[in-house]
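> Below is the file target-v3.txt, which contains compact mmCIF, C-alpha atoms and all ligand atoms.
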# COMPACT_ATOMS: atom_id res chain seq x y z
CA MET A 246 -268.42 -1.61 89.30
CA THR A 247 -269.07 1.69 91.02
CA PRO A 248 -270.51 4.92 89.56
CA ILE A 249 -268.11 7.17 87.67
CA LYS A 250 -267.69 10.35 89.69
CA THR A 251 -264.31 11.76 88.64
CA VAL A 252 -262.80 12.95 85.38
CA ALA A 253 -259.94 10.48 85.90
CA ALA A 254 -262.45 7.61 86.01
CA LEU A 255 -264.16 9.02 82.92
CA ILE A 256 -260.84 8.90 81.04
CA ASP A 257 -260.05 5.37 82.34
CA GLU A 258 -263.44 4.20 81.08
CA GLY A 259 -262.78 5.65 77.63
CA LEU A 260 -265.72 8.04 77.95
CA THR A 261 -263.65 11.14 77.21
CA ALA A 262 -260.27 11.87 75.67
CA PRO A 263 -257.36 12.53 78.10
CA GLY A 264 -256.91 16.00 76.52
CA THR A 265 -260.29 17.19 77.87
CA ARG A 266 -259.25 16.69 81.48
CA ALA A 267 -258.57 20.29 82.58
CA THR A 268 -261.74 21.61 80.97
CA LEU A 269 -263.97 18.87 82.34
CA GLU A 270 -262.51 19.35 85.85
CA ASN A 271 -263.97 22.87 85.64
CA VAL A 272 -267.32 21.53 84.48
CA VAL A 273 -267.65 18.93 87.25
CA ALA A 274 -266.57 21.47 89.87
CA ARG A 275 -269.65 23.46 88.85
CA TYR A 276 -272.20 20.69 88.07
CA ALA A 277 -272.03 17.30 89.76
CA MET A 278 -271.20 14.19 87.74
CA SER A 279 -272.17 10.59 88.40
CA ILE A 280 -272.68 7.88 85.79
CA THR A 281 -274.06 4.49 86.80
CA PRO A 282 -272.32 1.32 85.53
CA ASP A 283 -275.43 0.35 83.53
CA MET A 284 -275.40 3.60 81.57
CA ALA A 285 -271.58 3.73 81.23
CA ALA A 286 -271.65 0.25 79.67
CA LEU A 287 -274.33 1.38 77.23
CA VAL A 288 -272.27 4.21 75.71
CA ASP A 289 -270.98 3.46 72.20
CA ARG A 290 -267.32 4.59 72.51
CA ASP A 291 -267.01 4.72 68.69
CA ASP A 292 -269.88 7.18 68.22
CA PRO A 293 -268.85 10.78 69.00
CA GLY A 294 -272.54 11.80 69.05
CA ASP A 295 -273.76 8.88 71.17
CA PRO A 296 -277.12 9.90 72.70
CA ILE A 297 -276.41 8.10 75.99
CA ALA A 298 -273.00 9.79 76.40
CA ARG A 299 -274.54 13.15 75.55
CA GLN A 300 -276.99 12.80 78.43
CA PHE A 301 -274.45 11.94 81.10
CA VAL A 302 -270.85 12.73 80.06
CA PRO A 303 -269.94 16.35 80.88
CA SER A 304 -268.93 18.63 78.03
CA GLU A 305 -267.18 21.94 77.57
CA ALA A 306 -270.43 23.42 76.22
CA GLU A 307 -271.76 23.50 79.81
CA LEU A 308 -269.36 26.34 80.62
CA ALA A 309 -271.01 28.60 78.04
CA ALA A 310 -273.56 31.00 79.51
CA ALA A 311 -276.53 31.92 77.32
CA PRO A 312 -278.45 35.17 77.98
CA GLU A 313 -281.73 33.25 78.48
CA ASP A 314 -280.31 30.89 81.17
CA ARG A 315 -282.07 30.94 84.57
CA PRO A 316 -280.69 29.37 87.79
CA ASP A 317 -284.26 28.42 88.83
CA PRO A 318 -285.69 27.82 85.34
CA ILE A 319 -289.18 26.73 86.36
CA GLY A 320 -289.59 29.12 89.30
CA ASP A 321 -289.94 26.53 92.06
CA ALA A 322 -288.47 28.79 94.74
CA ALA A 323 -291.43 31.19 94.54
CA HIS A 324 -293.80 28.39 95.55
CA SER A 325 -291.85 26.70 98.34
CA PRO A 326 -293.61 27.30 101.68
CA VAL A 327 -291.22 25.09 103.71
CA PRO A 328 -287.97 23.31 102.75
CA GLY A 329 -288.60 20.24 100.58
CA ILE A 330 -292.13 21.27 99.49
CA VAL A 331 -293.23 23.09 96.32
CA HIS A 332 -296.96 23.83 96.35
CA ARG A 333 -297.99 25.62 93.17
CA HIS A 334 -301.22 23.81 92.27
CA LYS A 335 -303.93 23.55 94.91
CA ASP A 336 -304.56 19.80 94.77
CA ARG A 337 -300.98 18.58 94.50
CA ALA A 338 -297.61 19.30 96.05
CA LEU A 339 -294.06 18.32 95.21
CA PHE A 340 -292.13 16.75 98.08
CA MET A 341 -288.34 16.47 97.76
CA PRO A 342 -286.89 14.31 100.55
CA ILE A 343 -283.44 14.13 98.92
CA LEU A 344 -281.60 16.27 96.36
CA THR A 345 -279.31 13.69 94.86
CA CYS A 346 -279.56 11.26 91.95
CA PRO A 347 -277.82 8.00 91.02
CA ILE A 348 -276.84 9.67 87.76
CA PHE A 349 -276.62 13.36 86.89
CA CYS A 350 -278.19 14.42 83.61
CA ARG A 351 -276.20 17.16 81.91
CA PHE A 352 -279.45 18.99 81.05
CA CYS A 353 -280.93 18.80 84.58
CA PHE A 354 -283.43 21.59 85.25
CA ARG A 355 -282.51 21.55 88.95
CA ARG A 356 -278.74 21.39 88.34
CA GLU A 357 -278.11 24.41 90.57
CA SER A 358 -279.47 22.49 93.58
CA VAL A 359 -279.29 18.77 92.76
CA GLY A 360 -276.06 17.04 93.79
CA LYS A 361 -274.80 20.01 95.81
CA GLY A 362 -274.14 20.33 99.54
CA GLU A 363 -276.84 19.18 101.96
CA SER A 364 -278.71 16.51 100.13
CA ALA A 365 -281.28 14.83 102.42
CA LEU A 366 -283.87 16.66 104.50
CA SER A 367 -283.04 16.43 108.21
CA PRO A 368 -285.54 14.55 110.43
CA GLU A 369 -286.72 17.96 111.71
CA ALA A 370 -287.25 19.32 108.18
CA LEU A 371 -289.07 16.11 107.21
CA ALA A 372 -291.41 16.56 110.17
CA VAL A 373 -292.14 20.14 109.06
CA ALA A 374 -292.85 18.96 105.50
CA PHE A 375 -295.27 16.25 106.70
CA ALA A 376 -296.95 18.79 108.99
CA TYR A 377 -297.42 21.15 106.02
CA ILE A 378 -299.12 18.40 103.99
CA GLU A 379 -301.28 17.44 106.98
CA ALA A 380 -302.36 21.04 107.48
CA HIS A 381 -303.48 21.40 103.83
CA PRO A 382 -306.53 19.19 103.25
CA GLU A 383 -306.70 20.33 99.60
CA ILE A 384 -303.54 18.28 98.83
CA TRP A 385 -304.92 15.19 97.10
CA GLU A 386 -301.67 14.10 95.45
CA VAL A 387 -298.10 14.16 96.73
CA ILE A 388 -295.39 13.98 94.09
CA LEU A 389 -292.10 12.64 95.43
CA THR A 390 -289.26 14.10 93.42
CA GLY A 391 -285.83 15.56 94.05
CA GLY A 392 -283.26 14.55 93.13
CA ASP A 393 -284.46 11.02 92.76
CA PRO A 394 -286.39 9.60 95.74
CA PHE A 395 -285.61 6.02 94.61
CA VAL A 396 -282.01 6.46 95.80
CA LEU A 397 -283.47 6.07 99.31
CA SER A 398 -283.50 2.62 100.92
CA ALA A 399 -286.60 0.45 100.85
CA ARG A 400 -286.99 1.17 104.58
CA ARG A 401 -286.94 4.97 104.14
CA VAL A 402 -289.21 4.90 101.09
CA GLY A 403 -291.64 2.71 103.05
CA GLU A 404 -291.60 5.13 105.98
CA ILE A 405 -292.40 8.10 103.74
CA ALA A 406 -295.16 6.20 101.92
CA ARG A 407 -296.75 5.05 105.19
CA ARG A 408 -296.64 8.51 106.78
CA LEU A 409 -298.28 10.01 103.70
CA SER A 410 -300.93 7.32 103.43
CA ALA A 411 -301.87 7.95 107.07
CA ILE A 412 -302.95 11.48 106.07
CA PRO A 413 -306.61 11.02 105.09
CA HIS A 414 -306.71 13.59 102.26
CA VAL A 415 -303.58 12.23 100.52
CA ARG A 416 -305.02 9.76 98.00
CA ILE A 417 -302.27 9.57 95.40
CA ILE A 418 -298.55 9.11 96.00
CA ARG A 419 -296.61 9.68 92.78
CA TRP A 420 -292.87 8.89 92.67
CA HIS A 421 -290.77 10.58 89.99
CA THR A 422 -287.66 8.56 89.21
CA ARG A 423 -285.01 7.58 86.70
CA VAL A 424 -283.75 4.61 88.79
CA PRO A 425 -285.58 1.75 86.98
CA VAL A 426 -283.59 2.53 83.81
CA VAL A 427 -280.30 3.92 85.12
CA ASP A 428 -279.80 1.70 88.19
CA PRO A 429 -282.33 -1.13 87.87
CA SER A 430 -280.75 -3.38 90.51
CA ARG A 431 -282.20 -1.07 93.18
CA ILE A 432 -285.72 -2.18 92.25
CA THR A 433 -285.84 -5.34 94.34
CA ASP A 434 -289.00 -7.12 95.45
CA GLU A 435 -288.47 -5.63 98.92
CA PHE A 436 -288.20 -2.13 97.45
CA VAL A 437 -291.37 -2.54 95.38
CA ALA A 438 -293.27 -3.89 98.39
CA SER A 439 -292.28 -0.78 100.39
CA LEU A 440 -294.08 1.44 97.83
CA ILE A 441 -297.44 -0.24 98.38
CA VAL A 442 -299.42 1.29 101.22
CA PRO A 443 -302.97 1.07 102.46
CA ASP A 444 -305.33 4.00 101.81
CA ALA A 445 -303.40 5.63 98.96
CA THR A 446 -302.70 4.77 95.33
CA THR A 447 -299.06 4.52 94.28
CA ILE A 448 -298.04 5.71 90.81
CA VAL A 449 -294.54 5.86 89.33
CA ALA A 450 -293.48 8.43 86.72
CA LEU A 451 -290.36 7.22 84.93
CA HIS A 452 -287.92 9.67 83.35
CA ALA A 453 -286.47 8.15 80.15
CA ASN A 454 -285.25 9.91 77.02
CA HIS A 455 -283.96 7.31 74.59
CA PRO A 456 -285.15 3.82 73.55
CA ARG A 457 -281.67 2.37 74.13
CA GLU A 458 -282.05 3.07 77.86
CA PHE A 459 -284.39 0.06 78.08
CA LEU A 460 -281.83 -2.66 78.71
CA PRO A 461 -283.03 -6.12 79.79
CA ALA A 462 -282.40 -5.34 83.47
CA ALA A 463 -284.43 -2.13 83.17
CA ARG A 464 -287.31 -4.03 81.59
CA VAL A 465 -287.25 -6.49 84.50
CA ALA A 466 -287.28 -3.63 87.05
CA ILE A 467 -290.23 -2.01 85.27
CA ALA A 468 -292.10 -5.33 85.11
CA ARG A 469 -291.63 -5.73 88.89
CA LEU A 470 -293.38 -2.42 89.48
CA ILE A 471 -296.17 -3.26 87.01
CA ASP A 472 -296.65 -6.74 88.49
CA ALA A 473 -297.14 -5.15 91.90
CA GLY A 474 -300.10 -3.26 90.44
CA ILE A 475 -298.38 0.13 90.16
CA PRO A 476 -299.39 2.17 87.09
CA LEU A 477 -296.42 3.71 85.26
CA VAL A 478 -296.36 6.92 83.25
CA SER A 479 -293.35 8.54 81.59
CA GLN A 480 -291.62 11.87 81.40
CA SER A 481 -289.09 12.65 78.68
CA VAL A 482 -287.19 15.79 77.87
CA LEU A 483 -286.95 16.79 74.22
CA LEU A 484 -283.21 17.25 73.68
CA LYS A 485 -281.19 18.25 70.65
CA GLY A 486 -278.68 15.56 69.72
CA ILE A 487 -280.43 12.96 71.91
CA ASN A 488 -284.03 12.42 70.88
CA ALA A 489 -285.09 15.48 68.86
CA ASP A 490 -285.83 13.54 65.70
CA VAL A 491 -289.03 11.76 64.84
CA ASP A 492 -287.50 8.27 64.42
CA THR A 493 -286.03 8.33 67.95
CA LEU A 494 -289.19 9.77 69.47
CA GLU A 495 -291.31 7.12 67.75
CA ALA A 496 -289.04 4.32 69.00
CA LEU A 497 -289.01 5.81 72.51
CA MET A 498 -292.80 6.10 72.76
CA ARG A 499 -293.36 2.60 71.33
CA THR A 500 -290.80 1.19 73.78
CA LEU A 501 -292.57 2.87 76.68
CA VAL A 502 -295.98 1.49 75.70
CA GLU A 503 -294.54 -2.00 75.05
CA ASN A 504 -293.28 -1.87 78.65
CA CYS A 505 -296.75 -0.92 79.99
CA ILE A 506 -295.78 2.72 80.51
CA LYS A 507 -298.19 5.40 79.33
CA PRO A 508 -296.29 8.33 77.77
CA TYR A 509 -297.28 11.32 79.89
CA TYR A 510 -295.10 14.38 79.30
CA LEU A 511 -292.60 15.41 76.67
CA HIS A 512 -290.91 18.46 78.18
CA HIS A 513 -289.58 21.30 76.12
CA PRO A 514 -286.02 21.82 77.47
CA ASP A 515 -285.80 24.24 80.39
CA LEU A 516 -283.53 27.29 80.58
CA ALA A 517 -281.11 25.69 83.05
CA PRO A 518 -277.62 27.26 83.03
CA GLY A 519 -275.09 25.74 80.65
CA THR A 520 -277.67 23.69 78.73
CA ALA A 521 -278.18 25.89 75.63
CA HIS A 522 -276.60 23.20 73.42
CA PHE A 523 -279.58 20.89 74.14
CA ARG A 524 -282.27 23.41 73.21
CA LEU A 525 -284.43 23.61 70.13
CA SER A 526 -287.16 26.10 69.29
CA ILE A 527 -290.81 25.60 70.26
CA LYS A 528 -291.66 25.60 66.55
CA GLU A 529 -289.20 22.75 65.91
CA GLY A 530 -290.68 20.87 68.87
CA GLN A 531 -294.25 21.34 67.63
CA GLU A 532 -293.28 20.09 64.19
CA LEU A 533 -291.68 16.98 65.70
CA VAL A 534 -294.77 16.28 67.79
CA ARG A 535 -297.01 16.70 64.74
CA SER A 536 -294.84 14.26 62.74
CA LEU A 537 -294.94 11.81 65.64
CA ARG A 538 -298.74 11.91 65.77
CA ALA A 539 -298.85 11.06 62.06
CA ARG A 540 -296.99 7.82 62.84
CA VAL A 541 -298.29 6.52 66.17
CA SER A 542 -301.51 5.84 68.05
CA GLY A 543 -302.91 8.20 70.64
CA LEU A 544 -301.78 5.73 73.26
CA CYS A 545 -298.17 6.50 72.28
CA MET A 546 -298.60 10.29 72.45
CA PRO A 547 -297.24 12.29 75.37
CA THR A 548 -298.40 15.86 75.99
CA TYR A 549 -295.73 18.29 74.81
CA VAL A 550 -295.35 20.82 77.62
CA LEU A 551 -293.38 23.89 78.55
CA ASP A 552 -292.75 24.97 82.11
CA ILE A 553 -293.18 28.73 81.77
CA PRO A 554 -290.19 30.45 83.41
CA GLY A 555 -291.01 32.34 86.58
CA GLY A 556 -293.22 29.71 88.23
CA PHE A 557 -296.18 30.00 85.85
CA ALA A 558 -296.50 26.22 85.54
CA LYS A 559 -296.62 23.80 82.64
CA VAL A 560 -298.70 24.47 79.53
CA PRO A 561 -299.30 22.14 76.60
CA LEU A 562 -297.54 23.56 73.56
CA ASN A 563 -300.24 22.74 71.04
CA GLU A 564 -302.05 26.09 71.07
CA GLY A 565 -300.30 26.97 67.83
CA ASP A 566 -302.47 24.36 66.14
CA VAL A 567 -305.66 26.28 67.00
CA GLU A 568 -306.28 29.87 65.94
CA LYS A 569 -309.27 32.22 66.20
CA THR A 570 -310.70 33.37 62.89
CA GLY A 571 -313.49 35.87 62.03
CA ASP A 572 -316.42 33.56 62.72
CA GLY A 573 -314.86 30.50 64.34
CA TRP A 574 -311.55 28.69 64.62
CA ARG A 575 -309.03 27.09 62.39
CA ILE A 576 -307.21 23.92 63.29
CA ARG A 577 -303.97 22.56 61.85
CA ASP A 578 -303.76 18.89 60.90
CA GLN A 579 -300.79 16.53 61.12
CA GLN A 580 -299.52 17.59 57.70
CA GLY A 581 -299.48 21.25 58.67
CA ASN A 582 -302.60 22.18 56.68
CA TRP A 583 -305.22 24.50 58.17
CA HIS A 584 -308.94 23.62 58.33
CA ASP A 585 -311.89 25.82 59.24
CA TYR A 586 -313.92 24.76 62.28
CA PRO A 587 -317.12 26.56 63.26
C1 LIG B 1 -295.21 19.50 87.16
C2 LIG B 1 -295.60 19.92 88.49
C3 LIG B 1 -296.60 19.24 89.19
C4 LIG B 1 -297.29 18.04 88.63
O1 LIG B 1 -298.23 18.45 87.76
P1 LIG B 1 -298.95 17.49 86.74
O2 LIG B 1 -299.15 18.38 85.58
O3 LIG B 1 -300.17 17.09 87.44
O4 LIG B 1 -298.08 16.33 86.47
C5 LIG B 1 -296.95 19.70 90.44
N1 LIG B 1 -296.36 20.77 90.99
C6 LIG B 1 -295.39 21.44 90.35
C7 LIG B 1 -294.76 22.61 91.02
C8 LIG B 1 -294.96 21.03 89.08
O5 LIG B 1 -293.98 21.70 88.46
S1 LIG B 2 -282.72 12.47 87.19
FE1 LIG B 2 -283.88 14.42 87.15
S2 LIG B 2 -283.22 15.53 89.00
FE2 LIG B 2 -281.72 13.88 88.62
S3 LIG B 2 -280.08 14.83 87.39
FE3 LIG B 2 -281.55 13.91 85.93
S4 LIG B 2 -282.98 15.59 85.45
FE4 LIG B 2 -281.88 16.19 87.33
Please rewrite the model in this file as structure tokens.
Ligand SMILES: *Cc1c(COP(=O)(O)O)cnc(C)c1O
Ligand code: SF4


Amino acid sequence: MTPIKTVAALIDEGLTAPGTRATLENVVARYAMSITPDMAALVDRDDPGDPIARQFVPSEAELAAAPEDRPDPIGDAAHSPVPGIVHRHKDRALFMPILTCPIFCRFCFRRESVGKGESALSPEALAVAFAYIEAHPEIWEVILTGGDPFVLSARRVGEIARRLSAIPHVRIIRWHTRVPVVDPSRITDEFVASLIVPDATTIVALHANHPREFLPAARVAIARLIDAGIPLVSQSVLLKGINADVDTLEALMRTLVENCIKPYYLHHPDLAPGTAHFRLSIKEGQELVRSLRARVSGLCMPTYVLDIPGGFAKVPLNEGDVEKTGDGWRIRDQQGNWHDYP
């Protein structure tokens, strides 16, 4: 089976009703669509609110513009010194060698650039990006993102990893990817071997949003990475209608830890255009996170973060649990009760 990339294929697969065709053609003309066979097979055709379908099957709601929408919701453009690099924090830089993904999430925060036009950096642009990293000895960690860098071949991934590890100040190479869950057959032994390089530590940050994404093949792909000695952390996006309830979040975090993945970030949804139907309020998010903490160990807890629009970076959203009082502080517990703290 091949990825679903057209509305006709979506209808053939029973993932949308034939009557939605004209509308969805408009949606996919604006925001790219691709659904991997693994994820298409996982959709429950009988459930109109299926959380897998909601992540990947386009919907009419994406054509609605909300006043708060921003084309560059996290303000990356303001911090991009050369194409393919975003350098906002001194010790770490994002490096985007390719702006495509094996699957396109309907809530993607980079949906205005991912899956459109020129997708891979040219060899010349790659050379400029490596030269930028070389010229900035304060860059300790390089975060490969995109798009999804794991769509590259084992050979190309290996080349990037080796060129980075040859730069003495680059100690950590972190790969952000969704591939081990959405297209696990790409994670071959050869691919995993290409990630391991001398003189730098490889870390993988896996994007997963729902416990059902962890099919047996995905678990095998994750185990291959772990067995090669690569630590895994997770990133999830808190999304209305997908995982914004405490039972799903609990199951997701437990599934991550059971698969040797440390929950790292739970992202408040970004203000990407046409994604208002996935958003919830910060207060709702904080309440969910508090309920989650009442159920699970610290090991299962991600940090709930917001990327402040305008390029002001990520902040943990737990400040609301700490308030200044006359002669000290007050702190809110998991039940929502306040306690004085000197
Ligand atoms: C999220 C992000 C990073 C990574 O930051 P961590 O909080 O260390 O995971 C780096 N640069 C930019 C621009 C980011 O948005
Ligand atoms: S995997 Fe990440 S970059 Fe790719 S479509 Fe999903 S959210 Fe966007």

> Counting only C-alpha atoms and all ligand atoms, what residues are within 7 Å of ligand LIG 1 (chain B), given as a list in words?

Asp321, Val331, His332, Arg333, His334, Arg337, Ala338, Leu339, Ile388, Ala558 and Lys559 of chain A

> Find, counting only C-alpha atoms, the residue in A:Gly519, A:Pro296, A:Pro443, A:Pro316 that gets nearest to A:Gly403.

A:Pro443

> Measuring atom to atom with all atoms listed in the file, identify which of A:Leu397, A:Leu269, A:Leu440, A:Ala496 is nearest to A:Leu537.

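Answer, going by the shortest atom-to-atom distance: A:Ala496.
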
> Please write out the residues within 8 Å of ligand LIG 2 (chain B) as a ChimeraX atom specification, counting all atoms listed in the file.

/A:344-356,359-360,390-393,422-423,452

> Neighbours of A:Leu287 within 10 Å (all atoms listed in the file; same-chain residues fewer than 6 positions away dropped), as a PyMOL selection string?

chain A and resi 295+297-298+457-458+460

> Find the spatial neighbours of A:Val482, counting only C-alpha atoms, within a cut-off of 10 Å - ignore same-chain residues fewer than 6 positions away - and output them as a PDB file with C-alpha atoms, in the frame of the given file.


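Output (result_20.pdb):
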ATOM      1  CA  PHE A 352    -279.450  18.990  81.050  1.00  0.00           C
ATOM      2  CA  CYS A 353    -280.930  18.800  84.580  1.00  0.00           C
ATOM      3  CA  HIS A 452    -287.920   9.670  83.350  1.00  0.00           C
ATOM      4  CA  ALA A 453    -286.470   8.150  80.150  1.00  0.00           C
ATOM      5  CA  ASN A 454    -285.250   9.910  77.020  1.00  0.00           C
ATOM      6  CA  HIS A 455    -283.960   7.310  74.590  1.00  0.00           C
ATOM      7  CA  ASN A 488    -284.030  12.420  70.880  1.00  0.00           C
ATOM      8  CA  ALA A 489    -285.090  15.480  68.860  1.00  0.00           C
ATOM      9  CA  TYR A 510    -295.100  14.380  79.300  1.00  0.00           C
ATOM     10  CA  LEU A 511    -292.600  15.410  76.670  1.00  0.00           C
ATOM     11  CA  HIS A 512    -290.910  18.460  78.180  1.00  0.00           C
ATOM     12  CA  HIS A 513    -289.580  21.300  76.120  1.00  0.00           C
ATOM     13  CA  PRO A 514    -286.020  21.820  77.470  1.00  0.00           C
ATOM     14  CA  ASP A 515    -285.800  24.240  80.390  1.00  0.00           C
ATOM     15  CA  PHE A 523    -279.580  20.890  74.140  1.00  0.00           C
ATOM     16  CA  TYR A 549    -295.730  18.290  74.810  1.00  0.00           C
ATOM     17  CA  VAL A 550    -295.350  20.820  77.620  1.00  0.00           C
TER      18      VAL A 550
END

> I'd like the neighbourhood of A:His584 as a list in words, where a residue qualifies if any of its atoms comes within 12 Å (using all atoms listed in the file), though same-chain residues fewer than 4 positions away should be ignored.

Asp566, Val567, Glu568, Lys569, Thr570, Gly573, Trp574, Arg575, Ile576, Arg577, Asp578, Gln579 and Gln580 of chain A

> Could you check which of A:Val415, A:Ala450, A:Ala274, A:Ala285 is closest to A:Pro382, using only C-alpha atoms?

A:Val415

> Find the residue from A:Ile378, A:Ile432, A:Ile471, A:Val426 that sits nearest to A:Val327; use only C-alpha atoms when measuring.

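The shortest atom-to-atom distance to A:Val327 comes from A:Ile378.
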
> Which protein, DNA or RNA residues have an atom at most 10 Å from (-290.6, 0.6, 99.5), counting all atoms listed in the file? List them as a ChimeraX atom specification.

/A:395,397-407,432-442

> Could you save the residues just selected, with C-alpha atoms, as a PDB file, keeping the file's coordinate frame?


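Saved file out28.pdb follows:
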ATOM      1  CA  PHE A 395    -285.610   6.020  94.610  1.00  0.00           C
ATOM      2  CA  LEU A 397    -283.470   6.070  99.310  1.00  0.00           C
ATOM      3  CA  SER A 398    -283.500   2.620 100.920  1.00  0.00           C
ATOM      4  CA  ALA A 399    -286.600   0.450 100.850  1.00  0.00           C
ATOM      5  CA  ARG A 400    -286.990   1.170 104.580  1.00  0.00           C
ATOM      6  CA  ARG A 401    -286.940   4.970 104.140  1.00  0.00           C
ATOM      7  CA  VAL A 402    -289.210   4.900 101.090  1.00  0.00           C
ATOM      8  CA  GLY A 403    -291.640   2.710 103.050  1.00  0.00           C
ATOM      9  CA  GLU A 404    -291.600   5.130 105.980  1.00  0.00           C
ATOM     10  CA  ILE A 405    -292.400   8.100 103.740  1.00  0.00           C
ATOM     11  CA  ALA A 406    -295.160   6.200 101.920  1.00  0.00           C
ATOM     12  CA  ARG A 407    -296.750   5.050 105.190  1.00  0.00           C
ATOM     13  CA  ILE A 432    -285.720  -2.180  92.250  1.00  0.00           C
ATOM     14  CA  THR A 433    -285.840  -5.340  94.340  1.00  0.00           C
ATOM     15  CA  ASP A 434    -289.000  -7.120  95.450  1.00  0.00           C
ATOM     16  CA  GLU A 435    -288.470  -5.630  98.920  1.00  0.00           C
ATOM     17  CA  PHE A 436    -288.200  -2.130  97.450  1.00  0.00           C
ATOM     18  CA  VAL A 437    -291.370  -2.540  95.380  1.00  0.00           C
ATOM     19  CA  ALA A 438    -293.270  -3.890  98.390  1.00  0.00           C
ATOM     20  CA  SER A 439    -292.280  -0.780 100.390  1.00  0.00           C
ATOM     21  CA  LEU A 440    -294.080   1.440  97.830  1.00  0.00           C
ATOM     22  CA  ILE A 441    -297.440  -0.240  98.380  1.00  0.00           C
ATOM     23  CA  VAL A 442    -299.420   1.290 101.220  1.00  0.00           C
TER      24      VAL A 442
END

> Tell me, as a list in words, which residues lie within 12 Å of A:Gly259, counting all atoms listed in the file; anything in the same chain fewer than 4 positions away does not count.

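My list of contacting residues is Ile249, Val252, Ala253, Ala254, Leu255, Pro263, Gly264, Thr265, Ala285, Ala286, Val288, Asp289, Arg290, Asp291, Asp292, Pro293, Ala298 and Val302 of chain A.
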
> Please, what distance in Å, to one decimal, runs between atom CA of A:Ile384 and atom CA of A:Ile343?

20.5 Å

> Compare A:Ile506, A:Pro342, A:Pro518, A:Glu357 by their minimum atom-to-atom distance to A:Pro312, counting only C-alpha atoms, and give me the closest one.

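Among the listed residues, A:Pro518 lies closest to A:Pro312.
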
> By how many Å are atom CA of A:Val449 and atom CA of A:Val387 apart?

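Taking atom CA of A:Val449 as the start and atom CA of A:Val387 as the end point, the length is 11.7 Å.
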
> Mind pulling up the distance from atom CA of A:Ala309 to atom CA of A:His522?

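Pair atom CA of A:His522 / atom CA of A:Ala309 returns 9.0 Å.
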
> From the coordinates I just gave you, please extract stretch 342-359 of chain A so that only C-alpha atoms remain, then output it as a compact mmCIF listing (two decimals), in the first residue's frame.


# COMPACT_ATOMS: atom_id res chain seq x y z
CA PRO A 342 17.23 19.61 6.30
CA ILE A 343 13.83 18.75 4.76
CA LEU A 344 10.35 20.26 5.02
CA THR A 345 8.26 17.22 4.32
CA CYS A 346 6.71 14.49 6.45
CA PRO A 347 5.51 10.93 5.80
CA ILE A 348 2.14 12.02 7.18
CA PHE A 349 0.67 15.49 7.52
CA CYS A 350 -0.96 16.32 10.83
CA ARG A 351 -4.02 18.52 10.41
CA PHE A 352 -2.92 20.64 13.40
CA CYS A 353 0.69 21.11 12.20
CA PHE A 354 2.27 24.28 13.60
CA ARG A 355 4.44 24.61 10.48
CA ARG A 356 1.59 23.85 8.04
CA GLU A 357 2.28 27.03 6.05
CA SER A 358 5.76 25.73 5.13
CA VAL A 359 5.73 21.94 5.60
